[in-house]
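**Q** Next up is a structure, given as structure tokens.
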Amino acid sequence: MREDKDEIRKYIIFDNINKSPEIRAFIYVIKKNEVSMKLIYIIFFLILNLYIFSHITKKIKFSLNIQIGVIFFLITFILCHFLNVFDTTISNEVFTILLLFSGTFFIFHFGRNITIWFTTRLNNNRKDELLFRWFNFWVNYVIYAMIFIFQIATLIDN
């Protein structure tokens with residue numbers, strides 16, 4: 001019994017904080033299972049990418065309470081990763097690169113808007129609806145899926 005408590009304690013970064021035994025046991029179990037940590041990281045990037053998608057495209061509407069909860073979860077998860085609370089299965093460098101890949105959604109969004117504006121100006125203010133629908137489909141869906149698949153593959157590989 002004493003050995004279990006000592007082993008749980010060495011996995012907690014802030015020993016002086018009075019945490020409940022249930023929380024310590026939960027963190028210990030998660031840390032011991034590398035597959036579950038990778039799954040948690042995949043879920044983190046899924047939530048992050050979905051939030052960015054909903055914010056940029058306005059195709060998914062979340063209530064204010066859900067948005068605040070998601071932002072709180074994302075910030076807390078990022079801080080816990082960099083403070084090494086999870087005994088991370090991926091390095092800070094890889095995690096930062098994956099975060100930057102999620103940030104490229106903003107670049108694609110503004111690049112799409114510039115491309116549409118430029119194409120419209122070249123065509124004397126006429127829009128080719130089929131071309132724009134196809135282009136929006138690629139930027140709004142295919143690029144998101146490709147980046148998320150890359151993030152999953154990177155997390156599984158590490």
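Note on naming: chains are A, B, ... as they come in the structure tokens, residues start from 1 per chain, ligands start from 1 in the order shown.
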Show which residues sit within 12 Å of Glu93 (chain A), as a ChimeraX atom specification. Count only C-alpha atoms, and ignore same-chain residues fewer than 6 positions away.

**A** /A:81-82,99-100,158

**Q** Tell me, as a PyMOL selection string, which residues lie within 10 Å of Ile116 (chain A), counting only C-alpha atoms; anything in the same chain fewer than 6 positions away does not count.

**A** chain A and resi 110+122+127-128+131-132+135-136

**Q** Quote the spacing between CA of Ile147 (chain A) and CA of Phe101 (chain A) in Å to one decimal place.

**A**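 Computing it gives 6.9 Å between the two atoms.
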
**Q** For Phe137 (chain A), find every residue with an atom within 12 Å (counting only C-alpha atoms), except residues of its own chain fewer than 6 positions away, and show them as a VMD selection string.

**A** chain A and resid 57 109 112 130 to 131 143 to 145

**Q** Go ahead and dump the residues you just picked, C-alpha atoms, as a JSON list (two decimals), in the first residue's frame.

**A**
```json
[["chain", "number", "residue", "atom", "x", "y", "z"],
["A", 57, "THR", "CA", -16.12, 28.80, -41.34],
["A", 109, "HIS", "CA", -8.54, 30.72, -44.66],
["A", 112, "ARG", "CA", -8.49, 31.41, -49.78],
["A", 130, "LEU", "CA", -18.51, 26.01, -59.58],
["A", 131, "LEU", "CA", -14.84, 26.90, -59.24],
["A", 143, "ILE", "CA", -7.10, 20.42, -46.01],
["A", 144, "TYR", "CA", -8.58, 20.03, -42.50],
["A", 145, "ALA", "CA", -8.79, 16.27, -42.92]]
```

**Q** Please, what distance in Å, to one decimal, runs between CA of Ile107 (chain A) and CA of Asn92 (chain A)?

**A**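 Here the two named atoms are 22.8 Å from each other.
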
**Q** Between A:Leu64, A:Phe72, A:Thr104, A:Ser36, which has the minimum distance to Ile52 (chain A) (counting only C-alpha atoms)?

**A**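 Nearest to Ile52 (chain A): A:Thr104.
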
**Q** Neighbouring residues of Phe45 (chain A) were defined as those with any atom within 9 Å, considering only C-alpha atoms; residues of the same chain fewer than 6 positions away were excluded. Please report them as a list in words.

**A**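 Skipping anything fewer than 6 positions along the chain leaves Leu98, Leu99, Ser102, Phe148, Gln151 and Ile152 of chain A.
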
**Q** Which residue is closest to Phe53 (chain A)? Choose from A:Ile156, A:Ile114, A:Ile149, A:Val139 and count only C-alpha atoms.

**A** A:Val139

**Q** Hey, which of A:Ile60, A:Ile78, A:Leu39, A:Leu83 ends up closest to Thr96 (chain A)? Count only C-alpha atoms.

**A**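 Among the listed residues, A:Ile78 lies closest to Thr96 (chain A).
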
**Q** From the list A:Lys59, A:Asn124, A:Leu74, A:Thr119, which residue is nearest Leu46 (chain A) when using only C-alpha atoms?

**A**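 For Leu46 (chain A), the nearest of the given residues is A:Leu74.
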
**Q** Could you write out, as a ChimeraX atom specification, all the residues of region 9-146 of chain A that DSSP marks as helix (DSSP H, G or I)?

**A** /A:9-10,21-32,34-57,64-82,92-122,129-146

**Q** Suppose we keep C-alpha atoms; can you now write the selection as a short mmCIF file (atom, residue, chain, number, x, y, z; two decimals), in the first residue's frame?

**A**
```cif
data_model
loop_
_atom_site.label_atom_id
_atom_site.label_comp_id
_atom_site.auth_asym_id
_atom_site.auth_seq_id
_atom_site.Cartn_x
_atom_site.Cartn_y
_atom_site.Cartn_z
CA ARG A 9 3.51 10.58 -5.71
CA LYS A 10 6.58 10.48 -7.96
CA PRO A 21 -6.31 10.36 -3.97
CA GLU A 22 -8.78 9.76 -6.79
CA ILE A 23 -7.14 12.42 -8.97
CA ARG A 24 -3.67 11.06 -8.21
CA ALA A 25 -4.75 7.54 -9.08
CA PHE A 26 -6.39 8.75 -12.31
CA ILE A 27 -3.26 10.59 -13.43
CA TYR A 28 -1.09 7.60 -12.50
CA VAL A 29 -3.21 5.19 -14.56
CA ILE A 30 -3.22 7.48 -17.59
CA LYS A 31 0.55 7.98 -17.44
CA LYS A 32 1.23 4.28 -17.20
CA GLU A 34 1.05 5.19 -23.34
CA VAL A 35 -1.71 4.24 -25.78
CA SER A 36 -4.33 6.09 -23.76
CA MET A 37 -2.10 9.19 -23.65
CA LYS A 38 -1.76 9.15 -27.41
CA LEU A 39 -5.53 8.81 -27.68
CA ILE A 40 -5.96 11.80 -25.36
CA TYR A 41 -3.58 13.82 -27.55
CA ILE A 42 -5.56 12.81 -30.65
CA ILE A 43 -8.79 13.92 -28.95
CA PHE A 44 -7.09 17.20 -27.99
CA PHE A 45 -6.15 17.93 -31.61
CA LEU A 46 -9.61 16.87 -32.79
CA ILE A 47 -11.21 19.39 -30.41
CA LEU A 48 -8.69 22.09 -31.36
CA ASN A 49 -9.18 21.58 -35.09
CA LEU A 50 -12.97 21.43 -34.74
CA TYR A 51 -12.97 24.64 -32.72
CA ILE A 52 -10.80 26.41 -35.30
CA PHE A 53 -13.04 25.06 -38.09
CA SER A 54 -16.19 26.31 -36.36
CA HIS A 55 -14.61 29.70 -35.66
CA ILE A 56 -13.33 30.26 -39.20
CA THR A 57 -16.12 28.80 -41.34
CA LEU A 64 -20.86 30.66 -25.29
CA ASN A 65 -20.57 28.19 -22.40
CA ILE A 66 -19.20 25.48 -24.70
CA GLN A 67 -16.74 27.91 -26.27
CA ILE A 68 -15.46 28.99 -22.86
CA GLY A 69 -15.19 25.35 -21.77
CA VAL A 70 -13.29 24.40 -24.93
CA ILE A 71 -10.89 27.32 -24.61
CA PHE A 72 -10.31 26.51 -20.92
CA PHE A 73 -9.67 22.84 -21.79
CA LEU A 74 -7.26 23.71 -24.62
CA ILE A 75 -5.24 26.18 -22.54
CA THR A 76 -5.15 23.83 -19.56
CA PHE A 77 -4.05 20.91 -21.72
CA ILE A 78 -1.30 22.95 -23.38
CA LEU A 79 -0.04 24.19 -20.01
CA CYS A 80 -0.12 20.67 -18.56
CA HIS A 81 1.85 19.38 -21.52
CA PHE A 82 4.58 22.01 -21.25
CA ASN A 92 7.64 19.60 -26.68
CA GLU A 93 9.10 20.13 -30.15
CA VAL A 94 6.70 17.68 -31.80
CA PHE A 95 3.76 19.07 -29.83
CA THR A 96 4.64 22.62 -30.91
CA ILE A 97 4.91 21.55 -34.55
CA LEU A 98 1.49 19.90 -34.36
CA LEU A 99 0.04 23.05 -32.80
CA LEU A 100 1.54 25.11 -35.62
CA PHE A 101 -0.06 22.78 -38.15
CA SER A 102 -3.41 23.56 -36.54
CA GLY A 103 -2.53 27.24 -36.84
CA THR A 104 -2.09 26.89 -40.59
CA PHE A 105 -5.88 26.72 -40.89
CA PHE A 106 -5.88 30.50 -40.44
CA ILE A 107 -3.31 30.86 -43.22
CA PHE A 108 -5.41 28.71 -45.55
CA HIS A 109 -8.54 30.72 -44.66
CA PHE A 110 -6.98 34.10 -45.45
CA GLY A 111 -5.16 32.66 -48.46
CA ARG A 112 -8.49 31.41 -49.78
CA ASN A 113 -10.03 34.86 -49.35
CA ILE A 114 -7.13 36.53 -51.16
CA THR A 115 -7.33 33.97 -53.97
CA ILE A 116 -11.07 34.51 -54.40
CA TRP A 117 -10.61 38.29 -54.41
CA PHE A 118 -7.76 38.08 -56.93
CA THR A 119 -9.66 35.69 -59.23
CA THR A 120 -12.75 37.89 -59.11
CA ARG A 121 -10.70 40.96 -60.05
CA LEU A 122 -9.12 39.11 -63.00
CA GLU A 129 -19.60 29.56 -58.73
CA LEU A 130 -18.51 26.01 -59.58
CA LEU A 131 -14.84 26.90 -59.24
CA PHE A 132 -15.40 28.68 -55.91
CA ARG A 133 -17.47 25.82 -54.49
CA TRP A 134 -14.78 23.34 -55.46
CA PHE A 135 -12.04 25.57 -54.05
CA ASN A 136 -13.97 26.13 -50.79
CA PHE A 137 -14.56 22.39 -50.46
CA TRP A 138 -10.82 21.72 -50.73
CA VAL A 139 -9.83 24.45 -48.31
CA ASN A 140 -12.66 23.91 -45.82
CA TYR A 141 -12.74 20.12 -45.70
CA VAL A 142 -9.91 18.30 -47.47
CA ILE A 143 -7.10 20.42 -46.01
CA TYR A 144 -8.58 20.03 -42.50
CA ALA A 145 -8.79 16.27 -42.92
CA MET A 146 -5.26 16.02 -44.32
#
```
